[in-house]
$ cat target_21.cif   # mmCIF, C-alpha atoms
data_run
loop_
_atom_site.label_atom_id
_atom_site.label_comp_id
_atom_site.auth_asym_id
_atom_site.auth_seq_id
_atom_site.Cartn_x
_atom_site.Cartn_y
_atom_site.Cartn_z
CA MET A 21 68.42 -35.31 180.67
CA GLU A 22 70.17 -38.67 180.93
CA LYS A 23 68.65 -41.59 182.81
CA PHE A 24 70.38 -42.36 186.10
CA THR A 25 70.93 -46.02 186.91
CA THR A 26 74.30 -46.51 188.57
CA HIS A 27 77.39 -44.37 188.84
CA THR A 28 80.89 -45.16 190.03
CA GLY A 29 83.20 -42.23 190.61
CA LEU A 30 86.00 -40.65 192.58
CA VAL A 31 84.95 -38.62 195.62
CA VAL A 32 86.19 -35.10 196.33
CA PRO A 33 85.66 -34.15 200.00
CA LEU A 34 84.55 -30.52 200.41
CA ASP A 35 84.81 -30.23 204.18
CA ILE A 36 82.70 -27.08 204.54
CA ALA A 37 79.23 -26.67 206.08
CA ASN A 38 76.52 -24.26 204.91
CA VAL A 39 77.86 -23.88 201.38
CA ASP A 40 75.45 -21.43 199.79
CA THR A 41 74.54 -20.94 196.15
CA ASP A 42 76.56 -17.74 195.90
CA GLN A 43 79.67 -19.71 196.84
CA ILE A 44 78.75 -22.38 194.29
CA ILE A 45 78.18 -19.87 191.48
CA PRO A 46 78.71 -16.17 192.33
CA LYS A 47 76.09 -13.66 191.25
CA GLN A 48 78.23 -11.96 188.59
CA PHE A 49 78.00 -15.08 186.42
CA LEU A 50 74.20 -15.33 186.32
CA GLN A 51 73.54 -13.33 183.15
CA LYS A 52 72.80 -16.42 181.06
CA THR A 53 69.47 -18.24 180.97
CA GLU A 54 70.70 -21.36 179.17
CA ARG A 55 72.34 -24.15 181.16
CA VAL A 56 75.84 -23.89 179.70
CA GLY A 57 78.91 -21.85 180.57
CA PHE A 58 78.70 -22.14 184.36
CA GLY A 59 81.06 -25.03 185.13
CA VAL A 60 84.14 -22.88 184.61
CA HIS A 61 82.87 -20.53 187.31
CA LEU A 62 81.99 -23.21 189.87
CA PHE A 63 83.28 -22.11 193.32
CA HIS A 64 84.94 -19.21 191.49
CA ASP A 65 85.92 -17.19 194.56
CA SER A 66 87.58 -20.23 196.13
CA ARG A 67 89.03 -21.81 192.98
CA TYR A 68 90.81 -18.69 191.75
CA LEU A 69 93.12 -16.10 193.26
CA ASP A 70 92.09 -13.42 190.76
CA HIS A 71 88.73 -12.02 189.64
CA SER A 72 89.15 -13.10 186.01
CA GLY A 73 89.55 -16.78 186.87
CA LYS A 74 92.97 -17.23 185.28
CA GLU A 75 95.04 -17.93 188.39
CA PRO A 76 93.96 -21.15 190.14
CA ASN A 77 94.19 -21.32 193.91
CA PRO A 78 96.43 -24.34 194.56
CA GLU A 79 95.01 -24.74 198.07
CA PHE A 80 91.42 -25.24 196.95
CA ILE A 81 90.55 -28.91 196.81
CA LEU A 82 89.03 -28.93 193.32
CA ASN A 83 92.33 -27.63 191.97
CA LYS A 84 94.37 -30.47 193.41
CA PRO A 85 95.42 -32.77 190.54
CA GLU A 86 94.44 -35.95 192.36
CA TYR A 87 90.78 -34.85 192.30
CA LYS A 88 90.71 -33.77 188.66
CA THR A 89 88.46 -36.65 187.60
CA ALA A 90 86.14 -36.58 190.64
CA SER A 91 82.44 -36.92 189.82
CA ILE A 92 81.02 -37.30 193.35
CA LEU A 93 81.04 -34.33 195.72
CA LEU A 94 81.03 -35.04 199.45
CA ALA A 95 79.92 -32.11 201.58
CA ARG A 96 78.76 -31.09 205.03
CA GLU A 97 75.31 -30.06 206.24
CA ASN A 98 72.95 -27.54 204.64
CA PHE A 99 74.57 -27.72 201.21
CA GLY A 100 73.01 -25.38 198.63
CA CYS A 101 71.48 -22.93 201.10
CA GLY A 102 70.92 -19.26 200.22
CA SER A 103 69.16 -18.09 197.08
CA SER A 104 67.14 -20.45 194.90
CA ARG A 105 69.21 -19.93 191.73
CA GLU A 106 69.06 -22.91 189.37
CA HIS A 107 72.52 -21.98 188.13
CA ALA A 108 74.14 -23.65 191.15
CA PRO A 109 73.26 -27.24 190.17
CA TRP A 110 73.85 -26.31 186.51
CA ALA A 111 77.43 -25.34 187.40
CA LEU A 112 78.00 -28.51 189.41
CA GLU A 113 76.67 -30.72 186.64
CA GLU A 114 78.60 -28.97 183.88
CA TYR A 115 81.80 -29.25 185.91
CA GLY A 116 81.30 -33.02 185.90
CA PHE A 117 79.56 -33.96 189.12
CA LYS A 118 76.90 -36.67 188.93
CA VAL A 119 76.23 -37.12 192.66
CA ILE A 120 76.36 -34.90 195.74
CA ILE A 121 76.38 -36.52 199.17
CA ALA A 122 75.67 -34.52 202.32
CA PRO A 123 73.81 -34.86 205.64
CA SER A 124 71.29 -32.20 204.53
CA PHE A 125 70.44 -29.94 201.60
CA ALA A 126 68.46 -26.76 201.15
CA ASP A 127 65.03 -27.81 199.84
CA ILE A 128 64.95 -25.73 196.65
CA PHE A 129 68.52 -26.66 195.74
CA TYR A 130 67.64 -30.34 196.26
CA GLY A 131 64.69 -30.07 193.86
CA ASN A 132 66.73 -28.17 191.29
CA CYS A 133 69.30 -30.98 191.31
CA ILE A 134 66.64 -33.62 190.65
CA ASN A 135 65.30 -31.54 187.75
CA ILE A 136 68.60 -31.82 185.85
CA GLY A 137 69.51 -35.40 186.77
CA LEU A 138 72.08 -34.53 189.45
CA LEU A 139 71.52 -36.95 192.33
CA PRO A 140 71.56 -35.42 195.85
CA ILE A 141 72.00 -38.11 198.50
CA ILE A 142 71.33 -37.61 202.20
CA LEU A 143 73.26 -39.81 204.61
CA SER A 144 73.56 -39.65 208.38
CA GLU A 145 76.24 -37.55 210.07
CA ASP A 146 78.05 -40.73 211.14
CA GLU A 147 78.03 -42.13 207.59
CA ILE A 148 79.22 -38.80 206.19
CA GLU A 149 82.04 -38.73 208.74
CA GLN A 150 83.06 -42.24 207.74
CA LEU A 151 83.20 -41.19 204.09
CA PHE A 152 85.28 -38.11 204.90
CA ASN A 153 87.71 -40.30 206.79
CA GLN A 154 88.03 -42.57 203.74
CA ALA A 155 88.22 -39.78 201.15
CA ASP A 156 91.59 -38.30 202.12
CA ASN A 157 94.30 -38.37 199.43
CA ALA A 158 91.79 -39.19 196.68
CA ASN A 159 91.53 -42.82 197.68
CA LEU A 160 87.75 -43.20 197.79
CA THR A 161 85.68 -44.39 194.86
CA LEU A 162 81.97 -44.93 195.45
CA THR A 163 79.32 -46.81 193.53
CA VAL A 164 75.82 -45.37 193.64
CA ASN A 165 72.99 -47.72 192.72
CA LEU A 166 69.71 -45.86 192.28
CA ALA A 167 67.57 -48.99 191.92
CA ASN A 168 68.74 -50.25 195.32
CA ASN A 169 69.20 -46.78 196.90
CA THR A 170 72.73 -47.67 197.99
CA VAL A 171 76.12 -46.00 198.21
CA SER A 172 78.97 -48.46 198.56
CA TYR A 173 82.71 -48.97 198.59
CA GLY A 174 84.47 -52.26 199.24
CA ASP A 175 82.23 -54.27 201.54
CA VAL A 176 80.66 -51.14 203.09
CA SER A 177 77.20 -50.07 201.94
CA PHE A 178 74.88 -47.26 203.04
CA THR A 179 71.21 -46.91 202.16
CA PHE A 180 69.61 -43.57 201.30
CA GLU A 181 65.99 -42.51 200.90
CA LEU A 182 64.54 -40.86 197.83
CA GLY A 183 60.95 -39.89 197.09
CA LYS A 184 59.05 -42.06 194.61
CA PHE A 185 58.51 -39.19 192.17
CA GLN A 186 62.13 -38.00 192.38
CA LYS A 187 63.37 -41.53 191.79
CA TYR A 188 61.04 -41.97 188.82
CA CYS A 189 62.29 -38.73 187.23
CA LEU A 190 65.94 -39.72 187.64
CA GLU A 191 65.44 -43.27 186.38
CA GLU A 192 63.39 -42.12 183.39
CA GLY A 193 65.52 -39.06 182.64
CA VAL A 194 62.63 -36.59 182.82
CA ASP A 195 62.20 -33.35 184.71
CA SER A 196 58.84 -32.15 186.06
CA VAL A 197 57.96 -30.60 182.69
CA GLY A 198 58.85 -33.81 180.87
CA TRP A 199 56.73 -35.79 183.32
CA THR A 200 53.79 -33.50 182.55
CA LEU A 201 54.32 -33.89 178.80
CA ASN A 202 54.19 -37.67 179.25
CA LYS A 203 50.61 -37.16 180.44
CA LEU A 204 49.63 -35.03 177.45
CA ASP A 205 47.08 -37.51 176.07
CA LYS A 206 45.26 -37.63 179.41
CA ILE A 207 45.36 -33.85 179.69
CA LYS A 208 43.87 -33.43 176.21
CA ALA A 209 41.18 -36.03 176.94
CA PHE A 210 40.27 -34.26 180.16
CA GLU A 211 40.07 -30.88 178.43
CA ALA A 212 37.94 -32.34 175.63
CA ASN A 213 35.33 -33.44 178.17
CA MET A 214 35.17 -30.15 180.02
CA PRO A 215 31.85 -28.27 179.72
CA ALA A 216 31.83 -25.52 177.11
CA TRP A 217 31.23 -22.81 179.71
CA GLN A 218 34.58 -23.49 181.26
#

$ encode --input "target_21.cif" --output "structure tokens"
Amino acid sequence: MEKFTTHTGLVVPLDIANVDTDQIIPKQFLQKTERVGFGVHLFHDSRYLDHSGKEPNPEFILNKPEYKTASILLARENFGCGSSREHAPWALEEYGFKVIIAPSFADIFYGNCINIGLLPIILSEDEIEQLFNQADNANLTLTVNLANNTVSYGDVSFTFELGKFQKYCLEEGVDSVGWTLNKLDKIKAFEANMPAWQ
């Protein structure tokens, strides 16, 4: 995955709480095991008026032309709740999102985002409300600086917390498997010194 340093992007405000993974990527699209082919089905039941996904719903915010280039998703509390399907962050990333900002995330969804380089940012309810107020009519562009743990626009800046390991993985562009593989020499050395009976 790509290293995350900074990102500047347009914000799309999804003013819905408790968005679950079945809303993000409905179950009928989970037949694949690779990470591609899910972006087109992101929020399928809300984005489209038909089952085949050929008739866009003009009322759904992702279909509004002013948000076509948005790469930062602003959401309400408990984003990514429900089942633990990895396909949900895969769909968000493939659609083009680099950052998701919300007051809270489901734990497994949060970890799955980190594993693919999609940055989930937790801000306070007051800060989220301020961003929603600014994001109307596609007039909010944010800059996310991972080194400084900041989200900013104009002269306004918010600070977010991120675990040391999660930050390392994002900055280095490695998932948990990649991190383990970086320790391969130490693992082999340890195994070489293990007693024969083990």

$ resolve_selection --input "target_21.cif" --expression "the PyMOL selection byres ((chain A and resi 25) around 6)" --output "VMD selection string"
chain A and resid 24 26 166

$ closest_residue --input "target_21.cif" --among "A:Leu93, A:Ile136, A:Ala37, A:Leu30" --to "Cys189 (chain A)" --atoms "all atoms listed in the file"
A:Ile136

$ resolve_selection --input "target_21.cif" --expression "the PyMOL selection byres ((chain A and resi 149-160) around 12)" --output "compact mmCIF listing (two decimals) with C-alpha atoms, keeping the file's coordinate frame"
# COMPACT_ATOMS: atom_id res chain seq x y z
CA THR A 28 80.89 -45.16 190.03
CA GLY A 29 83.20 -42.23 190.61
CA LEU A 30 86.00 -40.65 192.58
CA VAL A 31 84.95 -38.62 195.62
CA VAL A 32 86.19 -35.10 196.33
CA PRO A 33 85.66 -34.15 200.00
CA LEU A 34 84.55 -30.52 200.41
CA ASP A 35 84.81 -30.23 204.18
CA ILE A 36 82.70 -27.08 204.54
CA ILE A 81 90.55 -28.91 196.81
CA LEU A 82 89.03 -28.93 193.32
CA LYS A 84 94.37 -30.47 193.41
CA PRO A 85 95.42 -32.77 190.54
CA GLU A 86 94.44 -35.95 192.36
CA TYR A 87 90.78 -34.85 192.30
CA LYS A 88 90.71 -33.77 188.66
CA THR A 89 88.46 -36.65 187.60
CA ALA A 90 86.14 -36.58 190.64
CA SER A 91 82.44 -36.92 189.82
CA ILE A 92 81.02 -37.30 193.35
CA LEU A 93 81.04 -34.33 195.72
CA LEU A 94 81.03 -35.04 199.45
CA ALA A 95 79.92 -32.11 201.58
CA ARG A 96 78.76 -31.09 205.03
CA GLU A 97 75.31 -30.06 206.24
CA ILE A 121 76.38 -36.52 199.17
CA ALA A 122 75.67 -34.52 202.32
CA PRO A 123 73.81 -34.86 205.64
CA LEU A 143 73.26 -39.81 204.61
CA SER A 144 73.56 -39.65 208.38
CA GLU A 145 76.24 -37.55 210.07
CA ASP A 146 78.05 -40.73 211.14
CA GLU A 147 78.03 -42.13 207.59
CA ILE A 148 79.22 -38.80 206.19
CA THR A 161 85.68 -44.39 194.86
CA LEU A 162 81.97 -44.93 195.45
CA THR A 163 79.32 -46.81 193.53
CA VAL A 171 76.12 -46.00 198.21
CA SER A 172 78.97 -48.46 198.56
CA TYR A 173 82.71 -48.97 198.59
CA GLY A 174 84.47 -52.26 199.24
CA VAL A 176 80.66 -51.14 203.09
CA SER A 177 77.20 -50.07 201.94
CA PHE A 178 74.88 -47.26 203.04

$ atom_distance --input "target_21.cif" --atom1 "CA of Phe49 (chain A)" --atom2 "CA of His107 (chain A)"
9.0 Å

$ residues_around --input "target_21.cif" --residues "Asn135 (chain A)" --least-positions-apart "4" --cutoff "10 Å" --atoms "all atoms listed in the file" --output "mmCIF file with C-alpha atoms, in the frame of the given file"
data_model
loop_
_atom_site.group_PDB
_atom_site.id
_atom_site.type_symbol
_atom_site.label_atom_id
_atom_site.label_comp_id
_atom_site.auth_asym_id
_atom_site.auth_seq_id
_atom_site.Cartn_x
_atom_site.Cartn_y
_atom_site.Cartn_z
ATOM 1 C CA MET A 21 68.420 -35.310 180.670
ATOM 2 C CA GLU A 106 69.060 -22.910 189.370
ATOM 3 C CA PRO A 109 73.260 -27.240 190.170
ATOM 4 C CA PHE A 129 68.520 -26.660 195.740
ATOM 5 C CA TYR A 130 67.640 -30.340 196.260
ATOM 6 C CA GLY A 131 64.690 -30.070 193.860
ATOM 7 C CA LEU A 139 71.520 -36.950 192.330
ATOM 8 C CA GLN A 186 62.130 -38.000 192.380
ATOM 9 C CA CYS A 189 62.290 -38.730 187.230
ATOM 10 C CA LEU A 190 65.940 -39.720 187.640
ATOM 11 C CA GLY A 193 65.520 -39.060 182.640
ATOM 12 C CA VAL A 194 62.630 -36.590 182.820
ATOM 13 C CA ASP A 195 62.200 -33.350 184.710
ATOM 14 C CA SER A 196 58.840 -32.150 186.060
ATOM 15 C CA VAL A 197 57.960 -30.600 182.690
ATOM 16 C CA GLY A 198 58.850 -33.810 180.870
#

$ resolve_selection --input "target_21.cif" --expression "the PyMOL selection byres ((chain A and resi 103) around 10)" --output "list in words"
Asp40, Thr41, Asp42, Gly100, Cys101, Gly102, Ser104, Arg105, Glu106, Ala108, Ala126, Ile128 and Phe129 of chain A

$ atom_distance --input "target_21.cif" --atom1 "CA of Leu62 (chain A)" --atom2 "CA of Leu182 (chain A)"
26.1 Å

$ residues_around --input "target_21.cif" --residues "Trp110 (chain A)" --least-positions-apart "2" --cutoff "12 Å" --atoms "only C-alpha atoms" --output "compact mmCIF listing (two decimals) with C-alpha atoms, keeping the file's coordinate frame"
# COMPACT_ATOMS: atom_id res chain seq x y z
CA THR A 41 74.54 -20.94 196.15
CA ILE A 44 78.75 -22.38 194.29
CA ILE A 45 78.18 -19.87 191.48
CA PHE A 49 78.00 -15.08 186.42
CA LEU A 50 74.20 -15.33 186.32
CA LYS A 52 72.80 -16.42 181.06
CA THR A 53 69.47 -18.24 180.97
CA GLU A 54 70.70 -21.36 179.17
CA ARG A 55 72.34 -24.15 181.16
CA VAL A 56 75.84 -23.89 179.70
CA GLY A 57 78.91 -21.85 180.57
CA PHE A 58 78.70 -22.14 184.36
CA GLY A 59 81.06 -25.03 185.13
CA VAL A 60 84.14 -22.88 184.61
CA HIS A 61 82.87 -20.53 187.31
CA LEU A 62 81.99 -23.21 189.87
CA ARG A 105 69.21 -19.93 191.73
CA GLU A 106 69.06 -22.91 189.37
CA HIS A 107 72.52 -21.98 188.13
CA ALA A 108 74.14 -23.65 191.15
CA LEU A 112 78.00 -28.51 189.41
CA GLU A 113 76.67 -30.72 186.64
CA GLU A 114 78.60 -28.97 183.88
CA TYR A 115 81.80 -29.25 185.91
CA GLY A 116 81.30 -33.02 185.90
CA PHE A 117 79.56 -33.96 189.12
CA LYS A 118 76.90 -36.67 188.93
CA PHE A 129 68.52 -26.66 195.74
CA ASN A 132 66.73 -28.17 191.29
CA CYS A 133 69.30 -30.98 191.31
CA ILE A 134 66.64 -33.62 190.65
CA ASN A 135 65.30 -31.54 187.75
CA ILE A 136 68.60 -31.82 185.85
CA GLY A 137 69.51 -35.40 186.77
CA LEU A 138 72.08 -34.53 189.45
